[in-house]
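Pasting input37.cif here (mmCIF, C-alpha atoms):
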data_entry
loop_
_atom_site.label_atom_id
_atom_site.label_comp_id
_atom_site.auth_asym_id
_atom_site.auth_seq_id
_atom_site.Cartn_x
_atom_site.Cartn_y
_atom_site.Cartn_z
CA SER A 1 -19.74 -46.08 49.90
CA GLY A 2 -22.19 -48.76 51.07
CA ILE A 3 -20.06 -51.57 49.62
CA SER A 4 -16.97 -50.36 51.49
CA ILE A 5 -18.86 -50.39 54.80
CA LEU A 6 -20.22 -53.87 54.06
CA LEU A 7 -16.70 -55.17 53.25
CA LEU A 8 -15.33 -53.58 56.40
CA GLY A 9 -18.06 -55.28 58.43
CA ILE A 10 -17.28 -58.66 56.87
CA LEU A 11 -13.55 -58.17 57.51
CA LEU A 12 -14.25 -57.30 61.17
CA MET A 13 -16.41 -60.45 61.47
CA ILE A 14 -13.53 -62.58 60.20
CA VAL A 15 -10.73 -60.91 62.17
CA TYR A 16 -12.60 -60.21 65.41
CA PRO A 17 -15.44 -62.75 65.65
CA ALA A 18 -15.80 -62.39 69.45
CA VAL A 19 -16.23 -58.63 69.17
CA PHE A 20 -18.77 -59.07 66.40
CA ARG A 21 -20.77 -61.63 68.41
CA LYS A 22 -20.82 -59.34 71.45
CA SER A 23 -21.96 -56.41 69.29
CA LEU A 24 -24.65 -58.56 67.73
CA VAL A 25 -25.89 -59.65 71.18
CA ASN A 26 -25.92 -56.02 72.36
CA LEU A 27 -27.82 -54.98 69.23
CA SER A 28 -30.34 -57.79 69.66
CA THR A 29 -30.87 -56.86 73.31
CA SER A 30 -31.39 -53.21 72.42
CA ILE A 31 -33.89 -54.07 69.70
CA PHE A 32 -35.78 -56.37 72.09
CA ARG A 33 -35.90 -53.68 74.79
CA MET A 34 -37.18 -51.09 72.32
CA ALA A 35 -39.86 -53.46 71.03
CA SER A 36 -41.02 -54.57 74.48
CA SER A 37 -41.06 -51.07 75.95
CA THR A 38 -43.17 -49.69 73.13
CA ALA A 39 -46.45 -49.15 74.91
CA ARG A 40 -49.63 -50.32 73.28
CA PRO A 41 -52.14 -47.51 73.12
CA GLN A 42 -54.52 -47.76 76.04
CA GLU A 43 -57.99 -48.91 75.05
CA GLN A 44 -60.84 -46.51 75.79
CA PHE A 45 -63.05 -49.14 77.44
CA SER A 46 -62.48 -51.97 79.91
CA MET A 47 -64.31 -54.77 81.69
CA ALA A 48 -63.91 -55.37 85.39
CA PHE A 49 -64.65 -58.71 86.98
CA VAL A 50 -65.79 -58.78 90.60
CA THR A 51 -67.10 -61.74 92.58
CA ALA A 52 -69.67 -61.38 95.35
CA PRO A 53 -71.13 -63.86 97.84
CA ASN A 54 -74.67 -63.60 96.45
CA ALA A 55 -76.94 -61.78 94.01
CA GLU A 56 -78.24 -59.33 96.63
CA GLU A 57 -74.75 -58.02 97.44
CA ALA A 58 -73.89 -57.91 93.73
CA LYS A 59 -77.07 -55.91 92.96
CA LYS A 60 -76.19 -53.34 95.63
CA ILE A 61 -72.68 -52.89 94.23
CA ALA A 62 -73.90 -52.90 90.61
CA GLY A 63 -76.60 -50.33 91.38
CA GLY A 64 -74.07 -48.01 92.98
CA LEU A 65 -71.66 -48.34 90.06
CA VAL A 66 -74.31 -47.62 87.44
CA SER A 67 -76.03 -44.79 89.35
CA GLY A 68 -72.61 -43.27 90.08
CA LYS A 69 -71.75 -43.33 86.35
CA LEU A 70 -68.76 -45.59 87.01
CA ALA A 71 -70.25 -48.36 84.84
CA ALA A 72 -72.62 -48.48 81.92
CA CYS A 73 -73.76 -52.04 82.54
CA VAL A 74 -73.13 -54.79 85.07
CA ASN A 75 -74.01 -58.39 84.25
CA ILE A 76 -74.55 -60.54 87.33
CA ILE A 77 -73.71 -64.12 86.47
CA PRO A 78 -74.98 -66.67 89.00
CA GLY A 79 -73.89 -70.19 89.74
CA ILE A 80 -70.13 -69.98 89.90
CA ILE A 81 -68.02 -71.90 92.38
CA SER A 82 -64.76 -70.36 93.57
CA VAL A 83 -61.92 -72.47 94.91
CA TYR A 84 -59.16 -70.50 96.59
CA GLU A 85 -56.72 -70.47 99.48
CA TRP A 86 -57.57 -68.16 102.38
CA GLU A 87 -55.57 -67.99 105.60
CA GLY A 88 -53.83 -71.29 104.87
CA LYS A 89 -57.00 -73.24 104.12
CA ILE A 90 -58.51 -74.29 100.78
CA GLU A 91 -62.02 -72.86 100.50
CA THR A 92 -64.83 -73.69 98.08
CA ASP A 93 -67.72 -71.22 97.94
CA PRO A 94 -70.68 -70.43 95.70
CA GLU A 95 -70.47 -66.89 94.34
CA VAL A 96 -71.83 -64.66 91.62
CA LEU A 97 -69.65 -62.86 89.09
CA MET A 98 -70.16 -59.27 88.04
CA MET A 99 -68.95 -58.36 84.55
CA ILE A 100 -68.72 -54.57 84.57
CA LYS A 101 -68.35 -52.45 81.43
CA THR A 102 -66.73 -49.05 81.92
CA ARG A 103 -64.19 -46.56 80.65
CA THR A 104 -60.57 -47.49 81.29
CA SER A 105 -59.99 -44.07 82.85
CA ARG A 106 -62.61 -44.83 85.54
CA ILE A 107 -61.06 -48.13 86.75
CA PRO A 108 -59.34 -46.60 89.82
CA GLU A 109 -62.61 -44.99 91.00
CA LEU A 110 -64.57 -48.15 90.25
CA THR A 111 -62.06 -50.21 92.23
CA GLU A 112 -62.24 -47.85 95.19
CA PHE A 113 -66.06 -47.93 95.14
CA VAL A 114 -66.08 -51.73 95.14
CA ARG A 115 -63.51 -51.90 97.96
CA LYS A 116 -65.60 -49.55 100.14
CA ASN A 117 -68.91 -51.32 99.46
CA HIS A 118 -67.92 -54.99 99.29
CA PRO A 119 -68.43 -57.39 102.20
CA TYR A 120 -65.12 -59.24 101.67
CA ASP A 121 -61.90 -58.15 103.39
CA VAL A 122 -60.05 -58.66 100.09
CA CYS A 123 -62.40 -58.32 97.16
CA GLU A 124 -61.57 -59.36 93.63
CA VAL A 125 -61.41 -56.52 91.13
CA ILE A 126 -59.56 -57.50 87.97
CA THR A 127 -59.76 -55.78 84.61
CA THR A 128 -59.09 -56.32 80.96
CA SER A 129 -59.38 -53.99 78.01
CA ILE A 130 -62.16 -54.07 75.45
CA GLU A 131 -60.38 -54.04 72.11
CA GLY A 132 -63.46 -53.83 69.94
CA GLY A 133 -67.15 -54.58 69.68
CA ASN A 134 -70.49 -53.48 68.33
CA GLN A 135 -69.88 -49.77 67.64
CA PRO A 136 -73.38 -48.60 68.66
CA TYR A 137 -72.87 -50.38 72.02
CA LEU A 138 -69.46 -48.78 72.49
CA ASP A 139 -70.96 -45.38 71.60
CA TRP A 140 -73.66 -45.95 74.25
CA LEU A 141 -70.98 -46.92 76.79
CA ALA A 142 -69.10 -43.71 75.98
CA LYS A 143 -72.25 -41.60 76.46
CA THR A 144 -73.25 -43.36 79.66
CA VAL A 145 -69.90 -43.28 81.50
CA PRO A 146 -68.31 -39.84 81.31
CA GLU A 147 -64.57 -39.42 80.88
CA LYS A 148 -62.74 -38.85 84.16
CA MET A 149 -62.38 -35.11 84.77
#

Starting from the coordinates I provided, produce the structure as structure tokens.
Amino acid sequence: SGISILLLGILLMIVYPAVFRKSLVNLSTSIFRMASSTARPQEQFSMAFVTAPNAEEAKKIAGGLVSGKLAACVNIIPGIISVYEWEGKIETDPEVLMMIKTRTSRIPELTEFVRKNHPYDVCEVITTSIEGGNQPYLDWLAKTVPEKM
């Protein structure tokens, strides 16, 4: 019965405390691994952030992304200053930031498009998921950017 198993467990804890501690550690580790490996469902939509040297370059990239149905909307945010290390030297440059709304499934294609059309040797393309928002806007995004075939 359940009480017998409980009493046996308590007896084992008293008689073999080292074994019990090791089993408890192994159990805790297994539970942690299961919890951390449980994948969150992938969000349907994402934002990509890309810097460019100026608004003209950003407009060219943004136009290609939108006309190619890789993005529904690209905001071009002026007036940022980027401080970074490049080839062993600290650089400070004015840039613009593109905030790109797209489907998560299209991120690899979007990244490849930016890499091929960007003037930098190593361009920034970083993404984050969109976990929620104004449903009519998300519906429009879904209609505008088709699912990857």

Exercise for review: Would you mind telling me which residue in A:Leu141, A:Val83, A:Val96, A:Val122 lies nearest to Phe49 of chain A when using all atoms listed in the file?
Suggested key: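 So, comparing all the options, the nearest one is A:Val96.
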
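Using only C-alpha atoms, the nearest neighbour of Ser129 of chain A within the list A:Ala52, A:Met47, A:Ala72, A:Val145 is A:Met47.
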
Using all atoms listed in the file, the residue out of A:Ser105, A:Lys116, A:Pro53, A:Met149 with shortest distance to Thr92 of chain A is A:Pro53

request  = Just the residues within 12 Å of Glu56 of chain A, please, counting only C-alpha atoms, with nothing from its chain fewer than 5 positions along; format it as an MDAnalysis selection string.
outcome  = chainID A and resid 61:63 76 78 95:98 118:119

Based on the selection just made, write C-alpha atoms of those residues as a PDB file, keeping the file's coordinate frame.
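Listing of again.pdb after writing:
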ATOM      1  CA  ILE A  61     -72.680 -52.890  94.230  1.00  0.00           C
ATOM      2  CA  ALA A  62     -73.900 -52.900  90.610  1.00  0.00           C
ATOM      3  CA  GLY A  63     -76.600 -50.330  91.380  1.00  0.00           C
ATOM      4  CA  ILE A  76     -74.550 -60.540  87.330  1.00  0.00           C
ATOM      5  CA  PRO A  78     -74.980 -66.670  89.000  1.00  0.00           C
ATOM      6  CA  GLU A  95     -70.470 -66.890  94.340  1.00  0.00           C
ATOM      7  CA  VAL A  96     -71.830 -64.660  91.620  1.00  0.00           C
ATOM      8  CA  LEU A  97     -69.650 -62.860  89.090  1.00  0.00           C
ATOM      9  CA  MET A  98     -70.160 -59.270  88.040  1.00  0.00           C
ATOM     10  CA  HIS A 118     -67.920 -54.990  99.290  1.00  0.00           C
ATOM     11  CA  PRO A 119     -68.430 -57.390 102.200  1.00  0.00           C
TER      12      PRO A 119
END

Of A:Val125, A:Ile80, A:Leu138, A:Ile107, the one sitting nearest Pro94 of chain A when using all atoms listed in the file is A:Ile80

Notebook entry, point to check: Separation of atom CA of Val74 of chain A and atom CA of Ile90 of chain A, in Å?
Noted result: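 Pair atom CA of Val74 of chain A / atom CA of Ile90 of chain A returns 29.0 Å.
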
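With all atoms listed in the file as the atoms that count, the residue of A:Leu65, A:Glu57, A:Glu43, A:Thr51 with the shortest distance to Ile126 of chain A is A:Thr51.
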
Counting all atoms listed in the file, I want the residues whose atoms come within 8 Å of (-63.2, -73.5, 92.7) in the file frame, returned as a PyMOL selection string. chain A and resi 81-84+91-93

A straight line from atom CA of Pro108 of chain A to atom CA of Pro136 of chain A spans 25.5 Å

In Å and to one decimal, atom CA of Glu112 of chain A is distant from atom CA of Gly64 of chain A by 12.0 Å

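For the residues A:Ile130, A:Asn117, A:Ala48, A:Ala142, ranking by smallest atom-to-atom distance to Lys60 of chain A using only C-alpha atoms places A:Asn117 first.
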